[in-house]
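Notes for the one structure printed next.
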Amino acid sequence: MSQLLPAIRSDVPAIAPAPPASPPEPAAFAVPAVPGAYTAVVGLGYVGLPTSLALVASGSRVIGVDIDPARLDDIRAGRADLLDIDRDRLRETLRATDPALRLTTSPSEIADADTVLVCVPTPVDRHLAPDLAALRAACAAVVAHARPGQTIVLTSTSYVGTTRELLVEPLAARGLRVGHEVWVAFAPERVDPGNDRHRQDLTPRVVGGTTPDCTARAAAALARIAPRVHRLGSPEAAEMTKLLENTFRAVNIALANEFADLCRDLRLDVTEVIDGADTKPYGFMAFQPGPGVGGHCIPCDPHYLLWQLRGQRREAPLIETAMRGIAARPGRVVERVRDLLAGSGRTLLGARVLLVGVTYKPGVADVRESPALEIIGELVRAGADVGFVDDLVASVRTPDGGTLHRLADHADREWDLVVVHTAQAGLDESWLRGQPLVLDATYRLTGLPGREVL
């Protein structure tokens with residue numbers, strides 16, 4: 001959902017215990033039989049489409065709702081970026097004479113579903129404040145077309161209290177009693193794009209409902225696509241769980257980056273150090289350094305918590321420091337490029353610099369929040385002649401509004417320095433051996449003699 005709605009409320013929600021649950025209904029509804037139930041998935045991006053395909057594989061019939069006709073065209077043409085297993089599922093679904101996945105741009109079809117899953121992106125704006133335009137629009141559509149008997153599950157990451165603000169309260173205003181006529185819960189998505197080891201059918205889910213019956217119904221719906229569902233006492237607890245998960249990753253990535261800098265200063269190989277620490281069977285989890293972090297999780301999700309805390313005049317110094325370190329990392333890459341060029345008697349002005357890989361992680365055709373975009377922008381502003389190569393990306397928009405197209409003849413050109421930003425599968429290291437300067441921002445090309453690291 002992308003249409004703009006009114007700006008984010010200025011009264012920042014407090015982090016507080018969930019309000020008391022509504023009194024139990026006189027006769028509790030039985031959890032419905034779910035194997036053949038209709039499910040509406042609102043938003044068919046990197047979370048919604050795999051979720052829809054997992055539901056179809058479980059035997060459900062799915063209504064996929066997305067207001068972007070171009071996205072639906074890409075899905076129908078099989079052009080969506082998916083894991084191999086999901087690409088096969090999509091192909092089989094599209095070939096079926098009676099497809100279990102119905103694609104539509106019409107939010108009114110939400111009313112046909114027994115279960116509704118909201119799976120839209122929740123980025124941050126340039127001020128690092130939550131950008132809830134898509135989520136507000138999606139939830140407003142769900143509320144407008146909700147009917148008695150539905151279970152509605154929000155999966156998009158947001159600040160604590162979002163589920164009540166955007167679903168529970170508007171549904172009540174419509175006269176629908178949550179926990180009696182409709183059931184509402186929060187169950188954060190746990191999709192790891194490009195990683196088939198963490199498919200939905202292998203990854204446990206957490207869920208917190210507005211009432212115990214809401215939790216039970218949402219858990220029954222999620223059990224179709226998850227190996228285990230862990231129940232929490234409220235939507236707020238589930239919302240905070242998601243913020244903890246990705247803030248934990250952000251803090252540890254920032255720490256790994258800091259250790260990488262320290263190891264270089266001490267002439268140590270940070271990869272060797274991390275591998276050594278990772279032999280400890282308890283109390284340590286390996287995180288890898290790199291040129292920065294991208295996607296709509298780690299660079300964004302902790303800011304939802306920090307934004308909410310600022311509104312309550314509270315501080316989280318550790319998280320704030322980690323996020324500053326993450327934000328500064330692409331600039332650190334550019335400074336390292338400058339230093340390496342200076343060591344060979346060159347400046348950035350007029351230097352020929354190639355980026356190898358621009359997606360935010362290997363194996364996904366996704367450049368959202370990719371550090372490569374900021375690196376390219378800074379290099380261009382400094383006067384460098386910048387090119388890039390990436391089999392998964394044809395062109396990128398730079399921060400200054402320009403467009404940079406993938407090079408087909410990069411191997412035939414002369415480069416002053418090559419930055420390995422994302423090591424896609426099949427990366428040709430033999431070609432890199434012939435380059436005068438290679439900056440390995442991934443720390444993973446251990447077999448490349450003479451490589452430099454951040």
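Just remember, in the structure tokens the first chain shown is A, the second B, etc., residues are 1-based per chain, and ligands are 1-based in the order shown.
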Which residues are close to segment 109-126 of chain A, i.e. within 8 Å by only C-alpha atoms, leaving aside same-chain residues fewer than 2 positions away? Reply as a PDB file with N, CA, C and O atoms, in the first residue's frame.
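Output below, filename selection27.pdb:
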```pdb
ATOM      1  N   MET A   1       0.840  -1.180   0.000  1.00  0.00           N
ATOM      2  CA  MET A   1       0.000   0.000   0.000  1.00  0.00           C
ATOM      3  C   MET A   1       0.885   1.244   0.000  1.00  0.00           C
ATOM      4  O   MET A   1       1.762   1.362   0.823  1.00  0.00           O
ATOM      5  N   ALA A  37      -9.484 -22.697   4.742  1.00  0.00           N
ATOM      6  CA  ALA A  37      -9.952 -21.340   4.946  1.00  0.00           C
ATOM      7  C   ALA A  37      -9.369 -20.386   3.919  1.00  0.00           C
ATOM      8  O   ALA A  37      -8.266 -20.573   3.419  1.00  0.00           O
ATOM      9  N   TYR A  38     -10.117 -19.345   3.629  1.00  0.00           N
ATOM     10  CA  TYR A  38      -9.636 -18.267   2.780  1.00  0.00           C
ATOM     11  C   TYR A  38      -8.784 -17.323   3.622  1.00  0.00           C
ATOM     12  O   TYR A  38      -9.170 -16.934   4.718  1.00  0.00           O
ATOM     13  N   THR A  39      -7.635 -16.948   3.094  1.00  0.00           N
ATOM     14  CA  THR A  39      -6.787 -15.972   3.763  1.00  0.00           C
ATOM     15  C   THR A  39      -6.496 -14.837   2.801  1.00  0.00           C
ATOM     16  O   THR A  39      -6.122 -15.076   1.641  1.00  0.00           O
ATOM     17  N   ALA A  40      -6.666 -13.602   3.259  1.00  0.00           N
ATOM     18  CA  ALA A  40      -6.266 -12.440   2.472  1.00  0.00           C
ATOM     19  C   ALA A  40      -4.908 -11.985   2.967  1.00  0.00           C
ATOM     20  O   ALA A  40      -4.703 -11.810   4.171  1.00  0.00           O
ATOM     21  N   VAL A  41      -3.971 -11.828   2.046  1.00  0.00           N
ATOM     22  CA  VAL A  41      -2.656 -11.298   2.368  1.00  0.00           C
ATOM     23  C   VAL A  41      -2.565  -9.908   1.748  1.00  0.00           C
ATOM     24  O   VAL A  41      -2.617  -9.764   0.520  1.00  0.00           O
ATOM     25  N   VAL A  42      -2.464  -8.903   2.598  1.00  0.00           N
ATOM     26  CA  VAL A  42      -2.463  -7.517   2.136  1.00  0.00           C
ATOM     27  C   VAL A  42      -1.018  -7.048   2.012  1.00  0.00           C
ATOM     28  O   VAL A  42      -0.312  -6.905   3.004  1.00  0.00           O
ATOM     29  N   GLY A  43      -0.582  -6.828   0.769  1.00  0.00           N
ATOM     30  CA  GLY A  43       0.801  -6.477   0.492  1.00  0.00           C
ATOM     31  C   GLY A  43       1.546  -7.697   0.001  1.00  0.00           C
ATOM     32  O   GLY A  43       1.671  -8.695   0.733  1.00  0.00           O
ATOM     33  N   LEU A  44       2.032  -7.662  -1.235  1.00  0.00           N
ATOM     34  CA  LEU A  44       2.670  -8.836  -1.845  1.00  0.00           C
ATOM     35  C   LEU A  44       4.138  -8.558  -2.158  1.00  0.00           C
ATOM     36  O   LEU A  44       4.628  -8.870  -3.236  1.00  0.00           O
ATOM     37  N   GLY A  45       4.831  -8.003  -1.196  1.00  0.00           N
ATOM     38  CA  GLY A  45       6.251  -7.750  -1.334  1.00  0.00           C
ATOM     39  C   GLY A  45       7.078  -8.929  -0.883  1.00  0.00           C
ATOM     40  O   GLY A  45       6.649 -10.082  -0.962  1.00  0.00           O
ATOM     41  N   VAL A  47       7.709 -10.070   1.909  1.00  0.00           N
ATOM     42  CA  VAL A  47       7.099 -10.868   2.975  1.00  0.00           C
ATOM     43  C   VAL A  47       5.777 -11.458   2.509  1.00  0.00           C
ATOM     44  O   VAL A  47       5.521 -12.658   2.646  1.00  0.00           O
ATOM     45  N   GLY A  48       4.936 -10.639   1.924  1.00  0.00           N
ATOM     46  CA  GLY A  48       3.588 -11.070   1.593  1.00  0.00           C
ATOM     47  C   GLY A  48       3.510 -12.159   0.546  1.00  0.00           C
ATOM     48  O   GLY A  48       2.714 -13.108   0.674  1.00  0.00           O
ATOM     49  N   ILE A  63      -6.229 -14.833  -1.140  1.00  0.00           N
ATOM     50  CA  ILE A  63      -6.521 -13.613  -1.895  1.00  0.00           C
ATOM     51  C   ILE A  63      -5.340 -12.676  -1.674  1.00  0.00           C
ATOM     52  O   ILE A  63      -5.137 -12.172  -0.567  1.00  0.00           O
ATOM     53  N   VAL A  65      -3.668  -9.221  -2.102  1.00  0.00           N
ATOM     54  CA  VAL A  65      -4.106  -7.848  -2.366  1.00  0.00           C
ATOM     55  C   VAL A  65      -2.895  -6.932  -2.416  1.00  0.00           C
ATOM     56  O   VAL A  65      -2.109  -6.861  -1.466  1.00  0.00           O
ATOM     57  N   THR A 104      -5.371  -9.465  -6.761  1.00  0.00           N
ATOM     58  CA  THR A 104      -6.299  -8.370  -6.978  1.00  0.00           C
ATOM     59  C   THR A 104      -5.729  -7.055  -6.459  1.00  0.00           C
ATOM     60  O   THR A 104      -4.911  -7.054  -5.528  1.00  0.00           O
ATOM     61  N   SER A 106      -8.049  -4.824  -5.575  1.00  0.00           N
ATOM     62  CA  SER A 106      -9.251  -4.332  -4.912  1.00  0.00           C
ATOM     63  C   SER A 106      -9.285  -4.708  -3.429  1.00  0.00           C
ATOM     64  O   SER A 106      -9.468  -5.885  -3.091  1.00  0.00           O
ATOM     65  N   PRO A 107      -9.152  -3.736  -2.522  1.00  0.00           N
ATOM     66  CA  PRO A 107      -9.207  -4.043  -1.088  1.00  0.00           C
ATOM     67  C   PRO A 107     -10.553  -4.600  -0.637  1.00  0.00           C
ATOM     68  O   PRO A 107     -10.626  -5.256   0.396  1.00  0.00           O
ATOM     69  N   LEU A 128      14.570   9.712  10.119  1.00  0.00           N
ATOM     70  CA  LEU A 128      14.612   8.472  10.904  1.00  0.00           C
ATOM     71  C   LEU A 128      13.375   8.308  11.788  1.00  0.00           C
ATOM     72  O   LEU A 128      13.418   7.646  12.825  1.00  0.00           O
ATOM     73  N   ALA A 129      12.271   8.886  11.360  1.00  0.00           N
ATOM     74  CA  ALA A 129      10.984   8.705  12.033  1.00  0.00           C
ATOM     75  C   ALA A 129      10.172   7.668  11.256  1.00  0.00           C
ATOM     76  O   ALA A 129      10.354   7.503  10.046  1.00  0.00           O
ATOM     77  N   PRO A 130       9.292   6.945  11.924  1.00  0.00           N
ATOM     78  CA  PRO A 130       8.497   5.938  11.230  1.00  0.00           C
ATOM     79  C   PRO A 130       7.696   6.516  10.072  1.00  0.00           C
ATOM     80  O   PRO A 130       7.037   7.551  10.215  1.00  0.00           O
ATOM     81  N   ASP A 131       7.761   5.861   8.936  1.00  0.00           N
ATOM     82  CA  ASP A 131       6.954   6.211   7.774  1.00  0.00           C
ATOM     83  C   ASP A 131       5.846   5.165   7.663  1.00  0.00           C
ATOM     84  O   ASP A 131       6.036   4.090   7.109  1.00  0.00           O
ATOM     85  N   LEU A 132       4.694   5.519   8.217  1.00  0.00           N
ATOM     86  CA  LEU A 132       3.599   4.548   8.297  1.00  0.00           C
ATOM     87  C   LEU A 132       2.542   4.764   7.221  1.00  0.00           C
ATOM     88  O   LEU A 132       1.403   4.298   7.369  1.00  0.00           O
ATOM     89  N   ALA A 134       2.155   3.457   4.220  1.00  0.00           N
ATOM     90  CA  ALA A 134       1.658   2.193   3.668  1.00  0.00           C
ATOM     91  C   ALA A 134       0.877   1.407   4.716  1.00  0.00           C
ATOM     92  O   ALA A 134      -0.180   0.837   4.426  1.00  0.00           O
ATOM     93  N   LEU A 135       1.379   1.377   5.945  1.00  0.00           N
ATOM     94  CA  LEU A 135       0.711   0.592   6.987  1.00  0.00           C
ATOM     95  C   LEU A 135      -0.632   1.201   7.368  1.00  0.00           C
ATOM     96  O   LEU A 135      -1.618   0.485   7.550  1.00  0.00           O
ATOM     97  N   ALA A 138      -3.048   0.389   4.574  1.00  0.00           N
ATOM     98  CA  ALA A 138      -3.435  -1.026   4.579  1.00  0.00           C
ATOM     99  C   ALA A 138      -4.404  -1.331   5.712  1.00  0.00           C
ATOM    100  O   ALA A 138      -5.429  -2.003   5.516  1.00  0.00           O
ATOM    101  N   CYS A 139      -4.090  -0.845   6.904  1.00  0.00           N
ATOM    102  CA  CYS A 139      -4.962  -1.110   8.052  1.00  0.00           C
ATOM    103  C   CYS A 139      -6.319  -0.435   7.878  1.00  0.00           C
ATOM    104  O   CYS A 139      -7.361  -0.997   8.260  1.00  0.00           O
ATOM    105  N   VAL A 142      -8.287  -2.648   5.648  1.00  0.00           N
ATOM    106  CA  VAL A 142      -8.723  -3.854   6.361  1.00  0.00           C
ATOM    107  C   VAL A 142      -9.898  -3.542   7.275  1.00  0.00           C
ATOM    108  O   VAL A 142     -10.896  -4.283   7.320  1.00  0.00           O
ATOM    109  N   HIS A 145     -13.230  -2.978   5.412  1.00  0.00           N
ATOM    110  CA  HIS A 145     -13.853  -4.157   4.808  1.00  0.00           C
ATOM    111  C   HIS A 145     -13.940  -5.346   5.759  1.00  0.00           C
ATOM    112  O   HIS A 145     -14.317  -6.445   5.335  1.00  0.00           O
ATOM    113  N   ALA A 146     -13.613  -5.125   7.028  1.00  0.00           N
ATOM    114  CA  ALA A 146     -13.702  -6.214   8.007  1.00  0.00           C
ATOM    115  C   ALA A 146     -15.154  -6.613   8.214  1.00  0.00           C
ATOM    116  O   ALA A 146     -16.072  -5.804   8.094  1.00  0.00           O
ATOM    117  N   ARG A 147     -15.319  -7.877   8.562  1.00  0.00           N
ATOM    118  CA  ARG A 147     -16.658  -8.392   8.850  1.00  0.00           C
ATOM    119  C   ARG A 147     -16.589  -9.312  10.059  1.00  0.00           C
ATOM    120  O   ARG A 147     -15.512  -9.842  10.405  1.00  0.00           O
ATOM    121  N   GLY A 149     -16.407 -12.438  12.328  1.00  0.00           N
ATOM    122  CA  GLY A 149     -15.886 -13.769  12.076  1.00  0.00           C
ATOM    123  C   GLY A 149     -14.451 -13.783  11.587  1.00  0.00           C
ATOM    124  O   GLY A 149     -13.846 -14.858  11.519  1.00  0.00           O
ATOM    125  N   GLN A 150     -13.896 -12.639  11.263  1.00  0.00           N
ATOM    126  CA  GLN A 150     -12.532 -12.602  10.736  1.00  0.00           C
ATOM    127  C   GLN A 150     -11.483 -12.574  11.845  1.00  0.00           C
ATOM    128  O   GLN A 150     -11.700 -12.007  12.908  1.00  0.00           O
ATOM    129  N   THR A 151     -10.335 -13.180  11.539  1.00  0.00           N
ATOM    130  CA  THR A 151      -9.134 -13.051  12.360  1.00  0.00           C
ATOM    131  C   THR A 151      -8.149 -12.176  11.585  1.00  0.00           C
ATOM    132  O   THR A 151      -7.818 -12.486  10.443  1.00  0.00           O
ATOM    133  N   ILE A 152      -7.705 -11.091  12.199  1.00  0.00           N
ATOM    134  CA  ILE A 152      -6.841 -10.110  11.534  1.00  0.00           C
ATOM    135  C   ILE A 152      -5.500 -10.087  12.250  1.00  0.00           C
ATOM    136  O   ILE A 152      -5.442  -9.860  13.467  1.00  0.00           O
ATOM    137  N   VAL A 153      -4.429 -10.316  11.490  1.00  0.00           N
ATOM    138  CA  VAL A 153      -3.095 -10.414  12.066  1.00  0.00           C
ATOM    139  C   VAL A 153      -2.178  -9.405  11.381  1.00  0.00           C
ATOM    140  O   VAL A 153      -1.984  -9.470  10.169  1.00  0.00           O
ATOM    141  N   LEU A 154      -1.633  -8.499  12.160  1.00  0.00           N
ATOM    142  CA  LEU A 154      -0.641  -7.556  11.658  1.00  0.00           C
ATOM    143  C   LEU A 154       0.737  -8.191  11.783  1.00  0.00           C
ATOM    144  O   LEU A 154       1.083  -8.725  12.843  1.00  0.00           O
ATOM    145  N   THR A 155       1.525  -8.150  10.698  1.00  0.00           N
ATOM    146  CA  THR A 155       2.863  -8.745  10.724  1.00  0.00           C
ATOM    147  C   THR A 155       3.970  -7.712  10.505  1.00  0.00           C
ATOM    148  O   THR A 155       5.147  -8.024  10.665  1.00  0.00           O
ATOM    149  N   SER A 156       3.611  -6.498  10.120  1.00  0.00           N
ATOM    150  CA  SER A 156       4.599  -5.462   9.796  1.00  0.00           C
ATOM    151  C   SER A 156       5.204  -4.872  11.060  1.00  0.00           C
ATOM    152  O   SER A 156       4.488  -4.519  11.997  1.00  0.00           O
ATOM    153  N   THR A 157       6.520  -4.716  11.070  1.00  0.00           N
ATOM    154  CA  THR A 157       7.212  -4.172  12.239  1.00  0.00           C
ATOM    155  C   THR A 157       6.810  -2.724  12.485  1.00  0.00           C
ATOM    156  O   THR A 157       6.736  -1.921  11.560  1.00  0.00           O
ATOM    157  N   SER A 158       6.572  -2.389  13.750  1.00  0.00           N
ATOM    158  CA  SER A 158       6.250  -1.004  14.093  1.00  0.00           C
ATOM    159  C   SER A 158       6.497  -0.789  15.580  1.00  0.00           C
ATOM    160  O   SER A 158       6.982  -1.678  16.282  1.00  0.00           O
ATOM    161  N   GLU A 189       6.625 -10.690  11.141  1.00  0.00           N
ATOM    162  CA  GLU A 189       7.192 -11.539  10.088  1.00  0.00           C
ATOM    163  C   GLU A 189       8.627 -11.912  10.444  1.00  0.00           C
ATOM    164  O   GLU A 189       9.339 -11.159  11.098  1.00  0.00           O
ATOM    165  N   ALA A 221      -4.034 -19.962  12.728  1.00  0.00           N
ATOM    166  CA  ALA A 221      -3.808 -19.555  11.341  1.00  0.00           C
ATOM    167  C   ALA A 221      -2.328 -19.660  10.978  1.00  0.00           C
ATOM    168  O   ALA A 221      -1.967 -20.160   9.905  1.00  0.00           O
ATOM    169  N   HIS A 296      14.871  -3.358   4.900  1.00  0.00           N
ATOM    170  CA  HIS A 296      13.944  -2.583   5.720  1.00  0.00           C
ATOM    171  C   HIS A 296      13.839  -3.138   7.128  1.00  0.00           C
ATOM    172  O   HIS A 296      12.839  -2.929   7.807  1.00  0.00           O
ATOM    173  N   CYS A 300      16.198   0.156   9.892  1.00  0.00           N
ATOM    174  CA  CYS A 300      14.950   0.879  10.167  1.00  0.00           C
ATOM    175  C   CYS A 300      14.324   0.534  11.512  1.00  0.00           C
ATOM    176  O   CYS A 300      13.952   1.427  12.279  1.00  0.00           O
ATOM    177  N   ASP A 301      14.178  -0.755  11.810  1.00  0.00           N
ATOM    178  CA  ASP A 301      13.372  -1.175  12.952  1.00  0.00           C
ATOM    179  C   ASP A 301      13.804  -0.572  14.285  1.00  0.00           C
ATOM    180  O   ASP A 301      12.947  -0.125  15.062  1.00  0.00           O
ATOM    181  N   HIS A 303      14.926   2.223  14.891  1.00  0.00           N
ATOM    182  CA  HIS A 303      14.516   3.626  14.951  1.00  0.00           C
ATOM    183  C   HIS A 303      13.050   3.778  15.359  1.00  0.00           C
ATOM    184  O   HIS A 303      12.657   4.831  15.868  1.00  0.00           O
ATOM    185  N   TYR A 304      12.236   2.747  15.138  1.00  0.00           N
ATOM    186  CA  TYR A 304      10.859   2.793  15.629  1.00  0.00           C
ATOM    187  C   TYR A 304      10.849   2.843  17.153  1.00  0.00           C
ATOM    188  O   TYR A 304      10.059   3.570  17.769  1.00  0.00           O
TER     189      TYR A 304
END
```
Give me every helix (DSSP H, G or I) residue in segment 161-406 of chain A, going by DSSP on the backbone, as a PyMOL selection string. chain A and resi 162-173+196-198+200-202+212-222+235-265+270-277+301-311+317-343+371-381
When you look at Thr247 of chain A with a cut-off of 10 Å (counting only C-alpha atoms), what residues show up, excluding the ones that are within fewer than 6 positions of it in the same chain? I need them as a VMD selection string. chain A and resid 241 253 297 to 303 305 319 322 to 323
What's the 12 Å shell around Arg381 of chain A, counting only C-alpha atoms, without same-chain residues fewer than 4 positions away, as a PyMOL selection string? chain A and resi 334+348-350+374-377+385-386+398-402
Keeping only N, CA, C and O atoms, write the selected residues to a file as an mmCIF file, in the first residue's frame.
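Contents of out_24.cif, freshly written:
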```cif
data_model
loop_
_atom_site.group_PDB
_atom_site.id
_atom_site.type_symbol
_atom_site.label_atom_id
_atom_site.label_comp_id
_atom_site.auth_asym_id
_atom_site.auth_seq_id
_atom_site.Cartn_x
_atom_site.Cartn_y
_atom_site.Cartn_z
ATOM 1 N N VAL A 334 34.060 4.955 2.014
ATOM 2 C CA VAL A 334 34.559 6.015 1.126
ATOM 3 C C VAL A 334 35.884 6.563 1.636
ATOM 4 O O VAL A 334 36.814 6.810 0.850
ATOM 5 N N LEU A 348 40.461 11.125 -5.191
ATOM 6 C CA LEU A 348 39.173 10.641 -5.671
ATOM 7 C C LEU A 348 38.746 11.345 -6.953
ATOM 8 O O LEU A 348 38.044 10.770 -7.782
ATOM 9 N N LEU A 349 39.159 12.599 -7.113
ATOM 10 C CA LEU A 349 38.776 13.354 -8.303
ATOM 11 C C LEU A 349 39.329 12.675 -9.551
ATOM 12 O O LEU A 349 40.541 12.583 -9.745
ATOM 13 N N GLY A 350 38.424 12.184 -10.383
ATOM 14 C CA GLY A 350 38.806 11.525 -11.616
ATOM 15 C C GLY A 350 39.191 10.073 -11.478
ATOM 16 O O GLY A 350 39.470 9.406 -12.488
ATOM 17 N N GLU A 374 24.674 4.857 -0.906
ATOM 18 C CA GLU A 374 25.347 5.979 -0.263
ATOM 19 C C GLU A 374 26.811 6.042 -0.674
ATOM 20 O O GLU A 374 27.364 7.134 -0.891
ATOM 21 N N ILE A 375 27.457 4.888 -0.784
ATOM 22 C CA ILE A 375 28.861 4.856 -1.203
ATOM 23 C C ILE A 375 29.008 5.435 -2.606
ATOM 24 O O ILE A 375 29.880 6.282 -2.869
ATOM 25 N N ILE A 376 28.145 4.999 -3.516
ATOM 26 C CA ILE A 376 28.185 5.518 -4.885
ATOM 27 C C ILE A 376 27.956 7.024 -4.882
ATOM 28 O O ILE A 376 28.671 7.783 -5.561
ATOM 29 N N GLY A 377 26.957 7.474 -4.114
ATOM 30 C CA GLY A 377 26.654 8.901 -4.080
ATOM 31 C C GLY A 377 27.822 9.735 -3.592
ATOM 32 O O GLY A 377 28.146 10.787 -4.175
ATOM 33 N N ASP A 385 34.922 8.629 -11.070
ATOM 34 C CA ASP A 385 34.232 7.997 -12.194
ATOM 35 C C ASP A 385 33.814 6.610 -11.723
ATOM 36 O O ASP A 385 34.640 5.703 -11.628
ATOM 37 N N VAL A 386 32.510 6.453 -11.393
ATOM 38 C CA VAL A 386 32.035 5.254 -10.694
ATOM 39 C C VAL A 386 31.245 4.361 -11.636
ATOM 40 O O VAL A 386 30.411 4.834 -12.419
ATOM 41 N N THR A 398 20.855 6.947 -7.616
ATOM 42 C CA THR A 398 21.805 7.461 -6.645
ATOM 43 C C THR A 398 21.144 8.527 -5.790
ATOM 44 O O THR A 398 20.118 9.103 -6.183
ATOM 45 N N PRO A 399 21.695 8.819 -4.615
ATOM 46 C CA PRO A 399 21.065 9.796 -3.712
ATOM 47 C C PRO A 399 20.896 11.183 -4.322
ATOM 48 O O PRO A 399 20.021 11.941 -3.898
ATOM 49 N N ASP A 400 21.705 11.527 -5.333
ATOM 50 C CA ASP A 400 21.577 12.843 -5.956
ATOM 51 C C ASP A 400 20.542 12.857 -7.080
ATOM 52 O O ASP A 400 20.412 13.834 -7.809
ATOM 53 N N GLY A 401 19.798 11.756 -7.239
ATOM 54 C CA GLY A 401 18.742 11.700 -8.244
ATOM 55 C C GLY A 401 19.179 11.154 -9.582
ATOM 56 O O GLY A 401 18.365 11.066 -10.514
ATOM 57 N N GLY A 402 20.440 10.769 -9.718
ATOM 58 C CA GLY A 402 20.921 10.226 -10.979
ATOM 59 C C GLY A 402 20.648 8.742 -11.111
ATOM 60 O O GLY A 402 20.146 8.096 -10.183
#
```
Å distance separating atom CA of Ala260 of chain A from atom CA of Ala351 of chain A, one decimal place: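 These atoms are spaced 26.1 Å apart.
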Identify which of the residues A:Ala216, A:Val438, A:Ala96, A:Ala226 lies closest to Leu55 of chain A, counting only C-alpha atoms when measuring atom-to-atom distances.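 With only C-alpha atoms as the atom set, the closest residue is A:Ala226.
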Who sits within 7 Å of Cys214 of chain A, only C-alpha atoms, same chain under 6 positions skipped, as a list of chain:residue names: A:Gly179, A:Trp183, A:Val184, A:Ala185
Residue contacts of Leu354 of chain A (8 Å, only C-alpha atoms) excluding same-chain residues fewer than 4 positions away, as a PDB file with N, CA, C and O atoms, in the first residue's frame:
```pdb
ATOM      1  N   VAL A 386      32.510   6.453 -11.393  1.00  0.00           N
ATOM      2  CA  VAL A 386      32.035   5.254 -10.694  1.00  0.00           C
ATOM      3  C   VAL A 386      31.245   4.361 -11.636  1.00  0.00           C
ATOM      4  O   VAL A 386      30.411   4.834 -12.419  1.00  0.00           O
ATOM      5  N   GLY A 387      31.474   3.057 -11.540  1.00  0.00           N
ATOM      6  CA  GLY A 387      30.675   2.068 -12.232  1.00  0.00           C
ATOM      7  C   GLY A 387      30.325   0.939 -11.292  1.00  0.00           C
ATOM      8  O   GLY A 387      30.866   0.842 -10.184  1.00  0.00           O
ATOM      9  N   PHE A 388      29.400   0.091 -11.704  1.00  0.00           N
ATOM     10  CA  PHE A 388      29.075  -1.065 -10.865  1.00  0.00           C
ATOM     11  C   PHE A 388      28.727  -2.256 -11.727  1.00  0.00           C
ATOM     12  O   PHE A 388      28.333  -2.117 -12.899  1.00  0.00           O
ATOM     13  N   VAL A 389      28.868  -3.435 -11.143  1.00  0.00           N
ATOM     14  CA  VAL A 389      28.469  -4.674 -11.792  1.00  0.00           C
ATOM     15  C   VAL A 389      27.738  -5.527 -10.773  1.00  0.00           C
ATOM     16  O   VAL A 389      28.171  -5.650  -9.619  1.00  0.00           O
ATOM     17  N   TRP A 415      40.605   0.029 -14.000  1.00  0.00           N
ATOM     18  CA  TRP A 415      40.084   0.619 -12.771  1.00  0.00           C
ATOM     19  C   TRP A 415      41.241   0.942 -11.835  1.00  0.00           C
ATOM     20  O   TRP A 415      42.198   0.180 -11.730  1.00  0.00           O
ATOM     21  N   LEU A 417      40.605   1.369  -8.600  1.00  0.00           N
ATOM     22  CA  LEU A 417      40.277   0.636  -7.367  1.00  0.00           C
ATOM     23  C   LEU A 417      38.940  -0.058  -7.544  1.00  0.00           C
ATOM     24  O   LEU A 417      38.007   0.505  -8.138  1.00  0.00           O
ATOM     25  N   VAL A 418      38.855  -1.279  -7.035  1.00  0.00           N
ATOM     26  CA  VAL A 418      37.615  -2.057  -7.062  1.00  0.00           C
ATOM     27  C   VAL A 418      37.165  -2.281  -5.630  1.00  0.00           C
ATOM     28  O   VAL A 418      37.945  -2.746  -4.785  1.00  0.00           O
ATOM     29  N   VAL A 419      35.901  -1.947  -5.343  1.00  0.00           N
ATOM     30  CA  VAL A 419      35.306  -2.195  -4.029  1.00  0.00           C
ATOM     31  C   VAL A 419      34.374  -3.394  -4.146  1.00  0.00           C
ATOM     32  O   VAL A 419      33.407  -3.360  -4.915  1.00  0.00           O
TER      33      VAL A 419
END
```
Give me, as a PyMOL selection string, all polymer residues having an atom no more than 9 Å from segment 71-82 of chain A, counting only C-alpha atoms and skipping those fewer than 3 positions away in the same chain. chain A and resi 44-46+49-50+65-68+85-87+90-91+94+103-105+193-194+364-366
As a PDB file with C-alpha atoms, in the first residue's frame, please: every residue in segment 232-392 of chain A that DSSP puts in strand (DSSP E).
```pdb
ATOM      1  CA  LEU A 232       2.648 -14.033  24.119  1.00  0.00           C
ATOM      2  CA  ARG A 352      37.996   5.142 -11.761  1.00  0.00           C
ATOM      3  CA  VAL A 353      36.198   3.135  -9.056  1.00  0.00           C
ATOM      4  CA  LEU A 354      34.119  -0.013  -9.620  1.00  0.00           C
ATOM      5  CA  LEU A 355      31.649  -1.463  -7.111  1.00  0.00           C
ATOM      6  CA  VAL A 356      31.165  -5.213  -7.327  1.00  0.00           C
ATOM      7  CA  ASP A 385      34.232   7.997 -12.194  1.00  0.00           C
ATOM      8  CA  VAL A 386      32.035   5.254 -10.694  1.00  0.00           C
ATOM      9  CA  GLY A 387      30.675   2.068 -12.232  1.00  0.00           C
ATOM     10  CA  PHE A 388      29.075  -1.065 -10.865  1.00  0.00           C
ATOM     11  CA  VAL A 389      28.469  -4.674 -11.792  1.00  0.00           C
TER      12      VAL A 389
END
```
Which residue of A:Glu92, A:Asp84, A:Glu414, A:Glu369 approaches Arg397 of chain A most closely, using only C-alpha atoms: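 Going through A:Glu92, A:Asp84, A:Glu414, A:Glu369 one by one, the smallest distance to Arg397 of chain A is for A:Glu369.
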